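Peer 1: The structure under discussion is supplied below as structure tokens; questions concerning it will follow.
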Amino acid sequence: CGGVGYLPVKNHKLPKRERANMNGTFIIKRELGPRDITLDRMPWPRSTRDFDGAEFRKVVTETCDALEGLSHALLPLYAEALRLPPDFFAPAFISPLYRFRMSKYPPTPPGELGINPHLDTSFFTLLPTTDASGLVVFSHARGEWVRARHVEGTLIVNTGETLSRITNDTWPATRHYAINPGIGSADRYSIPFFFNPSAAFPMAVVPSCCSDSNPPKYQPVSYLDGQGVAQGE
């Protein structure tokens, strides 16, 4: 399966960049449908004397189940915000594709980036935080980069490219990057959950975001025919 498994510190993938990403990460995904990529096909780490692989898999699976449930619960809110029926997105998310990234950001000298500036390809991304986030986002309203603020008991939600496309760029995708803790600080951990429509479902610009005077900029396209191709999957 493409786009899963372990990526070491100084990797150049996801997003693919010339400059290395200063984080180590383990990635899983579930993509039901034509390719039927289940969690059973993930390269789960084996148990060792100091590591319980079965317990790790259990906790990760339960976390993904919880985040998927929350993501489904958010869809009616997105629909209503776009002046659509609450169940508008239900057919597109019957078997959603998701990717879960478990990253460790080690202390680095100033100027090193944990992950380079990019846009997520997702519909949206959920990011639980437990401390001061290393996330830096571009504010279109302010025209500048700003540090994402940590609010106890909340999640950060990033708009992805898929959502941006179907809103005809009314809701721009969140350009962002991550910085590492400074030398002498503790490692920082991050577990973003990337939520996408069913892999083979063609996503079109929604009716509330286009008109005769504002025609769709994008043709309907599924993940398999769009972002999956772009990412070499």
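Residues are named by chain letter and number: chains run A, B, ... in the order of the structure tokens, numbers start at 1 in each chain, and ligands are numbered from 1 in the order shown.
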List the spatial neighbours of Ile191 in chain A as a PyMOL selection string - criterion: any atom at most 12 Å away, only C-alpha atoms, same-chain residues fewer than 6 positions off excluded.

Peer 2: chain A and resi 24-28+60+63-64+67+99-105+125-130+133+135+155-156

Peer 1: Can you list every residue of range 3-82 of chain A that has an atom at most 12 Å from range 177-184 of chain A, with its nearest atom pair and the distance in Å to one decimal, using only C-alpha atoms, ordered by chain then number, as JSON lines?

Peer 2:
```
{"residue": "A:Val9", "atom": "CA", "partner": "A:Asn180", "partner_atom": "CA", "distance": 11.7}
{"residue": "A:Pro15", "atom": "CA", "partner": "A:Tyr177", "partner_atom": "CA", "distance": 10.4}
{"residue": "A:Asn21", "atom": "CA", "partner": "A:Ala178", "partner_atom": "CA", "distance": 9.3}
{"residue": "A:Met22", "atom": "CA", "partner": "A:Asn180", "partner_atom": "CA", "distance": 7.7}
{"residue": "A:Asn23", "atom": "CA", "partner": "A:Asn180", "partner_atom": "CA", "distance": 8.3}
{"residue": "A:Gly24", "atom": "CA", "partner": "A:Asn180", "partner_atom": "CA", "distance": 11.6}
```

Peer 1: Do a neighbour search on Gln227 in chain A at 12 Å with only C-alpha atoms, toss out local chain neighbours closer than 2 positions, and write the hits as a PyMOL selection string.

Peer 2: chain A and resi 3+97+119-123+160-162+165+196-197+199-200+202-203+221-225+229-233

Peer 1: In range 109-222 of chain A, what's alpha helix (DSSP H) per DSSP? Answer as a list in words?

Peer 2: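 Residues meeting the alpha helix (DSSP H) criterion: Glu161, Thr162, Leu163, Ser164, Arg165 and Ile166 of chain A.
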
Peer 1: Produce a file of the selected residues containing all heavy atoms, as an mmCIF file, in the first residue's frame.

Peer 2:
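Below you can see result.cif, which holds the result:
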```
data_model
loop_
_atom_site.group_PDB
_atom_site.id
_atom_site.type_symbol
_atom_site.label_atom_id
_atom_site.label_comp_id
_atom_site.auth_asym_id
_atom_site.auth_seq_id
_atom_site.Cartn_x
_atom_site.Cartn_y
_atom_site.Cartn_z
ATOM 1 N N GLU A 161 -7.702 20.290 0.600
ATOM 2 C CA GLU A 161 -7.873 20.651 -0.810
ATOM 3 C C GLU A 161 -9.191 20.130 -1.387
ATOM 4 O O GLU A 161 -9.793 20.781 -2.251
ATOM 5 C CB GLU A 161 -6.706 20.119 -1.634
ATOM 6 C CG GLU A 161 -5.421 20.889 -1.460
ATOM 7 C CD GLU A 161 -4.347 20.420 -2.415
ATOM 8 O OE1 GLU A 161 -3.877 19.275 -2.261
ATOM 9 O OE2 GLU A 161 -3.986 21.187 -3.322
ATOM 10 N N THR A 162 -9.640 18.962 -0.943
ATOM 11 C CA THR A 162 -10.895 18.416 -1.463
ATOM 12 C C THR A 162 -12.057 19.345 -1.134
ATOM 13 O O THR A 162 -12.897 19.654 -1.991
ATOM 14 C CB THR A 162 -11.151 17.014 -0.897
ATOM 15 O OG1 THR A 162 -10.099 16.137 -1.310
ATOM 16 C CG2 THR A 162 -12.481 16.454 -1.387
ATOM 17 N N LEU A 163 -12.122 19.815 0.107
ATOM 18 C CA LEU A 163 -13.181 20.734 0.506
ATOM 19 C C LEU A 163 -13.048 22.069 -0.214
ATOM 20 O O LEU A 163 -14.050 22.672 -0.631
ATOM 21 C CB LEU A 163 -13.162 20.936 2.024
ATOM 22 C CG LEU A 163 -14.231 21.842 2.627
ATOM 23 C CD1 LEU A 163 -15.632 21.397 2.227
ATOM 24 C CD2 LEU A 163 -14.102 21.890 4.146
ATOM 25 N N SER A 164 -11.832 22.519 -0.407
ATOM 26 C CA SER A 164 -11.617 23.776 -1.128
ATOM 27 C C SER A 164 -12.144 23.674 -2.563
ATOM 28 O O SER A 164 -12.797 24.593 -3.072
ATOM 29 C CB SER A 164 -10.130 24.126 -1.139
ATOM 30 O OG SER A 164 -9.895 25.355 -1.784
ATOM 31 N N ARG A 165 -11.868 22.537 -3.220
ATOM 32 C CA ARG A 165 -12.309 22.357 -4.614
ATOM 33 C C ARG A 165 -13.825 22.358 -4.725
ATOM 34 O O ARG A 165 -14.385 23.017 -5.603
ATOM 35 C CB ARG A 165 -11.761 21.046 -5.172
ATOM 36 C CG ARG A 165 -10.278 21.051 -5.480
ATOM 37 C CD ARG A 165 -9.811 19.655 -5.898
ATOM 38 N NE ARG A 165 -10.487 19.192 -7.079
ATOM 39 C CZ ARG A 165 -10.039 19.337 -8.333
ATOM 40 N NH1 ARG A 165 -8.887 19.938 -8.543
ATOM 41 N NH2 ARG A 165 -10.726 18.885 -9.362
ATOM 42 N N ILE A 166 -14.505 21.640 -3.832
ATOM 43 C CA ILE A 166 -15.954 21.527 -3.990
ATOM 44 C C ILE A 166 -16.683 22.800 -3.560
ATOM 45 O O ILE A 166 -17.867 22.955 -3.839
ATOM 46 C CB ILE A 166 -16.525 20.301 -3.253
ATOM 47 C CG1 ILE A 166 -16.429 20.471 -1.739
ATOM 48 C CG2 ILE A 166 -15.861 19.022 -3.729
ATOM 49 C CD1 ILE A 166 -17.259 19.461 -0.981
#
```

Peer 1: Could you work out how far CA of Ala73 in chain A lies from CA of Phe88 in chain A, giving the answer in Å with one decimal?

Peer 2: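 The value is 12.8 Å.
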
Peer 1: Based on the backbone DSSP call, show me all residues of range 134-221 of chain A assigned strand (DSSP E or B), as a list in words.

Peer 2: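 Written out, the strand (DSSP E or B) residues of range 134-221 of chain A are Leu135, Val136, Val137, Phe138, Ser139, Glu144, Trp145, Val146, Arg147, Leu155, Ile156, Val157, Asn158, Thr159, His176, Tyr177, Ala178, Ile179, Gly182, Arg188, Tyr189, Ser190, Phe193, Phe194, Phe195, Asn196, Met203 and Val221 of chain A.
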
Peer 1: Ranking A:Ser95, A:Asn158, A:Thr174, A:Ser139 by minimum distance to Pro117 in chain A and counting only C-alpha atoms, which one comes first?

Peer 2: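 Answer, going by the shortest atom-to-atom distance: A:Thr174.
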
Peer 1: With only C-alpha atoms as the basis for distance, which of A:Phe193, A:Leu32, A:Gly53, A:Gly134 is at the shortest distance from Gly69 in chain A?

Peer 2: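 Among the listed residues, the smallest separation from Gly69 in chain A belongs to A:Phe193.
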
Peer 1: Could you tell me which of A:Arg175, A:Glu112, A:Asp187, A:Ser213 comes closest to Gly143 in chain A if we count only C-alpha atoms?

Peer 2: A:Arg175
